[in-house]
Amino acid sequence: APCHQSVQFMVTDDKEGNKLLNCMLYMSSSDVPIGRPYNICQYSMLTMLMAHCLDYKPGLFTIVSCDTHIYANQRDIIPQQLANTEFPLPKLVINPEKKDLFALTPDDISIVDYQSHGEIMYPVSK
């Protein structure tokens with residue numbers, strides 16, 4: 001079975017009456033140091049793109065994971081990642097003239113002010 005079991009979107013209102021698009025991802029399995037950061041980025045970006053196309057604001061992104069794990073051969077590397085300081089969040093800029101999700105191209109999307117720490121090499125579990 002795939003790790004990403006289902007995705008659910010829900011529209012709610014904020015205190016000002018704006019429509020928010022919320023996303024919940026259910027995963028059967030999640031490798032925290034390797035897969036989880038990419039999953040957060042992928043589904044957050046998808047939620048932001050969909051909200052843009054619907055003229056909503058992005059809301060909450062929630063992950064529900066059954067088998068959330070760190071493999072034994074990754075355990076000693078985790079403190080290195082946790083010691084990194086946080087950077088300000090980057091901004092996702094989407095072409096305001098495009099409102100069709102399937103018509104968006106990479107040229108319509110840019111990530112501004114992205115910063116990262118050096119590469120951490122996690123082994124893949126055996």
# chains A, B, ... in the order shown; residues from 1 in each chain; ligands from 1

$ residues_around --residues "Ser28 of chain A" --least-positions-apart "5" --cutoff "10 Å" --atoms "only C-alpha atoms" --output "number ranges by chain"
A: 1-6, 64-68

$ closest_atom_pairs --of "segment 66-124 of chain A" --to "segment 33-56 of chain A" --cutoff "10 Å" --atoms "only C-alpha atoms" --output "JSON lines"
{"residue": "A:Thr68", "atom": "CA", "partner": "A:Arg36", "partner_atom": "CA", "distance": 9.2}
{"residue": "A:His69", "atom": "CA", "partner": "A:Pro33", "partner_atom": "CA", "distance": 8.7}
{"residue": "A:Ile70", "atom": "CA", "partner": "A:Pro33", "partner_atom": "CA", "distance": 6.8}
{"residue": "A:Tyr71", "atom": "CA", "partner": "A:Pro33", "partner_atom": "CA", "distance": 9.0}
{"residue": "A:Gln74", "atom": "CA", "partner": "A:Pro33", "partner_atom": "CA", "distance": 7.9}
{"residue": "A:Arg75", "atom": "CA", "partner": "A:Pro33", "partner_atom": "CA", "distance": 9.4}
{"residue": "A:Ile77", "atom": "CA", "partner": "A:Pro33", "partner_atom": "CA", "distance": 9.2}
{"residue": "A:Ile78", "atom": "CA", "partner": "A:Pro33", "partner_atom": "CA", "distance": 7.4}
{"residue": "A:Gln81", "atom": "CA", "partner": "A:Pro33", "partner_atom": "CA", "distance": 8.6}
{"residue": "A:Leu92", "atom": "CA", "partner": "A:Met45", "partner_atom": "CA", "distance": 7.9}
{"residue": "A:Val93", "atom": "CA", "partner": "A:Leu49", "partner_atom": "CA", "distance": 9.6}
{"residue": "A:Ile94", "atom": "CA", "partner": "A:Leu49", "partner_atom": "CA", "distance": 7.6}
{"residue": "A:Asn95", "atom": "CA", "partner": "A:His52", "partner_atom": "CA", "distance": 9.3}
{"residue": "A:Pro96", "atom": "CA", "partner": "A:His52", "partner_atom": "CA", "distance": 8.1}
{"residue": "A:Glu97", "atom": "CA", "partner": "A:Cys53", "partner_atom": "CA", "distance": 9.7}
{"residue": "A:Lys98", "atom": "CA", "partner": "A:Cys53", "partner_atom": "CA", "distance": 7.4}
{"residue": "A:Lys99", "atom": "CA", "partner": "A:Cys53", "partner_atom": "CA", "distance": 4.2}
{"residue": "A:Asp100", "atom": "CA", "partner": "A:Cys53", "partner_atom": "CA", "distance": 5.9}
{"residue": "A:Leu101", "atom": "CA", "partner": "A:Cys53", "partner_atom": "CA", "distance": 6.2}
{"residue": "A:Phe102", "atom": "CA", "partner": "A:Cys53", "partner_atom": "CA", "distance": 9.8}
{"residue": "A:Leu104", "atom": "CA", "partner": "A:Leu49", "partner_atom": "CA", "distance": 9.0}
{"residue": "A:Ile109", "atom": "CA", "partner": "A:Leu49", "partner_atom": "CA", "distance": 9.1}
{"residue": "A:Ile120", "atom": "CA", "partner": "A:Pro33", "partner_atom": "CA", "distance": 9.7}
{"residue": "A:Met121", "atom": "CA", "partner": "A:Ile34", "partner_atom": "CA", "distance": 9.4}
{"residue": "A:Tyr122", "atom": "CA", "partner": "A:Ile34", "partner_atom": "CA", "distance": 7.1}
{"residue": "A:Pro123", "atom": "CA", "partner": "A:Ile34", "partner_atom": "CA", "distance": 9.0}
{"residue": "A:Val124", "atom": "CA", "partner": "A:Ile34", "partner_atom": "CA", "distance": 8.4}

$ atom_distance --atom1 "atom CA of Gly59 of chain A" --atom2 "atom CA of Cys23 of chain A"
7.6 Å

$ select_by_dssp --residues "chain A" --states "strand (DSSP E)" --output "ChimeraX atom specification"
/A:4-13,19-31,57-69,91-94,109-112

$ residues_around --residues "Ser116 of chain A" --least-positions-apart "6" --cutoff "12 Å" --atoms "only C-alpha atoms" --output "MDAnalysis selection string"
chainID A and resid 81 84:90

$ select_by_dssp --residues "chain A" --states "helix (DSSP H, G or I)" --output "PyMOL selection string"
chain A and resi 35-54+72-82+101-103+106-108

$ write_last_selection --atoms "N, CA, C and O atoms" --output "compact mmCIF listing (two decimals), in the first residue's frame"
# COMPACT_ATOMS: atom_id res chain seq x y z
N GLY A 35 11.61 11.57 4.68
CA GLY A 35 10.37 11.80 3.93
C GLY A 35 9.50 12.92 4.45
O GLY A 35 8.92 13.69 3.67
N ARG A 36 9.39 13.06 5.76
CA ARG A 36 8.44 14.01 6.35
C ARG A 36 8.68 15.46 5.90
O ARG A 36 7.72 16.15 5.55
N PRO A 37 9.92 15.97 5.87
CA PRO A 37 10.10 17.35 5.42
C PRO A 37 9.60 17.57 3.99
O PRO A 37 9.00 18.61 3.69
N TYR A 38 9.83 16.61 3.10
CA TYR A 38 9.35 16.74 1.72
C TYR A 38 7.82 16.68 1.67
O TYR A 38 7.20 17.42 0.91
N ASN A 39 7.22 15.81 2.47
CA ASN A 39 5.77 15.71 2.48
C ASN A 39 5.12 17.00 2.96
O ASN A 39 4.11 17.45 2.40
N ILE A 40 5.71 17.62 3.97
CA ILE A 40 5.19 18.90 4.46
C ILE A 40 5.25 19.94 3.35
O ILE A 40 4.28 20.66 3.09
N CYS A 41 6.37 20.01 2.67
CA CYS A 41 6.55 20.98 1.59
C CYS A 41 5.58 20.70 0.44
O CYS A 41 4.89 21.61 -0.05
N GLN A 42 5.50 19.46 -0.01
CA GLN A 42 4.66 19.10 -1.16
C GLN A 42 3.19 19.42 -0.92
O GLN A 42 2.54 20.06 -1.76
N TYR A 43 2.67 18.97 0.20
CA TYR A 43 1.24 19.15 0.43
C TYR A 43 0.89 20.57 0.87
O TYR A 43 -0.21 21.05 0.60
N SER A 44 1.82 21.26 1.50
CA SER A 44 1.59 22.67 1.82
C SER A 44 1.53 23.48 0.53
O SER A 44 0.67 24.34 0.36
N MET A 45 2.44 23.19 -0.39
CA MET A 45 2.44 23.89 -1.67
C MET A 45 1.18 23.56 -2.46
O MET A 45 0.56 24.47 -3.04
N LEU A 46 0.77 22.31 -2.48
CA LEU A 46 -0.46 21.94 -3.18
C LEU A 46 -1.65 22.70 -2.58
O LEU A 46 -2.49 23.23 -3.32
N THR A 47 -1.73 22.79 -1.27
CA THR A 47 -2.82 23.51 -0.61
C THR A 47 -2.79 24.99 -0.99
O THR A 47 -3.83 25.59 -1.28
N MET A 48 -1.60 25.57 -1.01
CA MET A 48 -1.48 26.99 -1.37
C MET A 48 -1.86 27.23 -2.83
O MET A 48 -2.53 28.22 -3.16
N LEU A 49 -1.47 26.32 -3.72
CA LEU A 49 -1.84 26.46 -5.13
C LEU A 49 -3.35 26.33 -5.32
O LEU A 49 -3.97 27.11 -6.06
N MET A 50 -3.95 25.36 -4.64
CA MET A 50 -5.39 25.18 -4.76
C MET A 50 -6.14 26.37 -4.17
O MET A 50 -7.12 26.85 -4.75
N ALA A 51 -5.69 26.86 -3.02
CA ALA A 51 -6.33 28.03 -2.41
C ALA A 51 -6.24 29.23 -3.34
O ALA A 51 -7.22 29.97 -3.52
N HIS A 52 -5.10 29.42 -3.95
CA HIS A 52 -4.92 30.51 -4.91
C HIS A 52 -5.95 30.42 -6.04
O HIS A 52 -6.59 31.41 -6.39
N CYS A 53 -6.10 29.23 -6.60
CA CYS A 53 -7.00 29.05 -7.73
C CYS A 53 -8.47 29.22 -7.34
O CYS A 53 -9.30 29.58 -8.17
N LEU A 54 -8.79 29.00 -6.08
CA LEU A 54 -10.16 29.14 -5.60
C LEU A 54 -10.43 30.52 -4.99
O LEU A 54 -11.54 30.79 -4.52
N ALA A 72 16.92 3.04 13.05
CA ALA A 72 18.05 2.93 13.97
C ALA A 72 19.33 3.52 13.36
O ALA A 72 20.10 4.17 14.07
N ASN A 73 19.55 3.32 12.06
CA ASN A 73 20.77 3.84 11.45
C ASN A 73 20.70 5.34 11.15
O ASN A 73 21.63 5.91 10.61
N GLN A 74 19.60 5.99 11.52
CA GLN A 74 19.47 7.44 11.38
C GLN A 74 19.54 8.15 12.74
O GLN A 74 19.72 9.36 12.80
N ARG A 75 19.41 7.40 13.80
CA ARG A 75 19.24 7.95 15.15
C ARG A 75 20.38 8.89 15.56
O ARG A 75 20.12 9.95 16.13
N ASP A 76 21.62 8.55 15.28
CA ASP A 76 22.75 9.37 15.72
C ASP A 76 22.89 10.69 14.95
O ASP A 76 23.62 11.58 15.37
N ILE A 77 22.18 10.82 13.82
CA ILE A 77 22.28 12.02 13.00
C ILE A 77 21.22 13.06 13.40
O ILE A 77 21.39 14.25 13.15
N ILE A 78 20.16 12.63 14.03
CA ILE A 78 19.05 13.51 14.41
C ILE A 78 19.52 14.74 15.21
O ILE A 78 19.08 15.86 14.92
N PRO A 79 20.41 14.60 16.23
CA PRO A 79 20.83 15.79 16.97
C PRO A 79 21.45 16.87 16.10
O PRO A 79 21.29 18.06 16.38
N GLN A 80 22.14 16.48 15.03
CA GLN A 80 22.73 17.45 14.11
C GLN A 80 21.62 18.30 13.47
O GLN A 80 21.74 19.52 13.37
N GLN A 81 20.53 17.64 13.05
CA GLN A 81 19.44 18.38 12.43
C GLN A 81 18.71 19.25 13.45
O GLN A 81 18.36 20.39 13.17
N LEU A 82 18.50 18.72 14.64
CA LEU A 82 17.80 19.48 15.68
C LEU A 82 18.60 20.69 16.17
O LEU A 82 18.03 21.65 16.69
N LEU A 101 -5.60 25.45 -11.85
CA LEU A 101 -4.53 24.64 -11.27
C LEU A 101 -3.77 23.86 -12.33
O LEU A 101 -2.55 23.77 -12.29
N PHE A 102 -4.48 23.33 -13.31
CA PHE A 102 -3.85 22.49 -14.32
C PHE A 102 -3.17 23.29 -15.43
O PHE A 102 -2.46 22.73 -16.25
N ALA A 103 -3.38 24.61 -15.43
CA ALA A 103 -2.71 25.46 -16.41
C ALA A 103 -1.44 26.08 -15.84
O ALA A 103 -0.65 26.67 -16.58
N PRO A 106 5.76 25.70 -14.07
CA PRO A 106 6.82 26.14 -13.16
C PRO A 106 7.16 27.62 -13.30
O PRO A 106 7.58 28.25 -12.32
N ASP A 107 6.96 28.20 -14.48
CA ASP A 107 7.24 29.62 -14.67
C ASP A 107 6.24 30.51 -13.91
O ASP A 107 6.51 31.69 -13.71
N ASP A 108 5.10 29.96 -13.50
CA ASP A 108 4.08 30.71 -12.77
C ASP A 108 4.28 30.68 -11.26
O ASP A 108 3.53 31.31 -10.52

$ atom_distance --atom1 "atom CA of Ile111 of chain A" --atom2 "atom CA of Lys91 of chain A"
5.7 Å

$ closest_residue --among "A:Met27, A:Pro58, A:Thr105, A:Glu119" --to "Asp13 of chain A" --atoms "only C-alpha atoms"
A:Pro58

$ atom_distance --atom1 "atom CA of Thr12 of chain A" --atom2 "atom CA of Leu25 of chain A"
16.9 Å
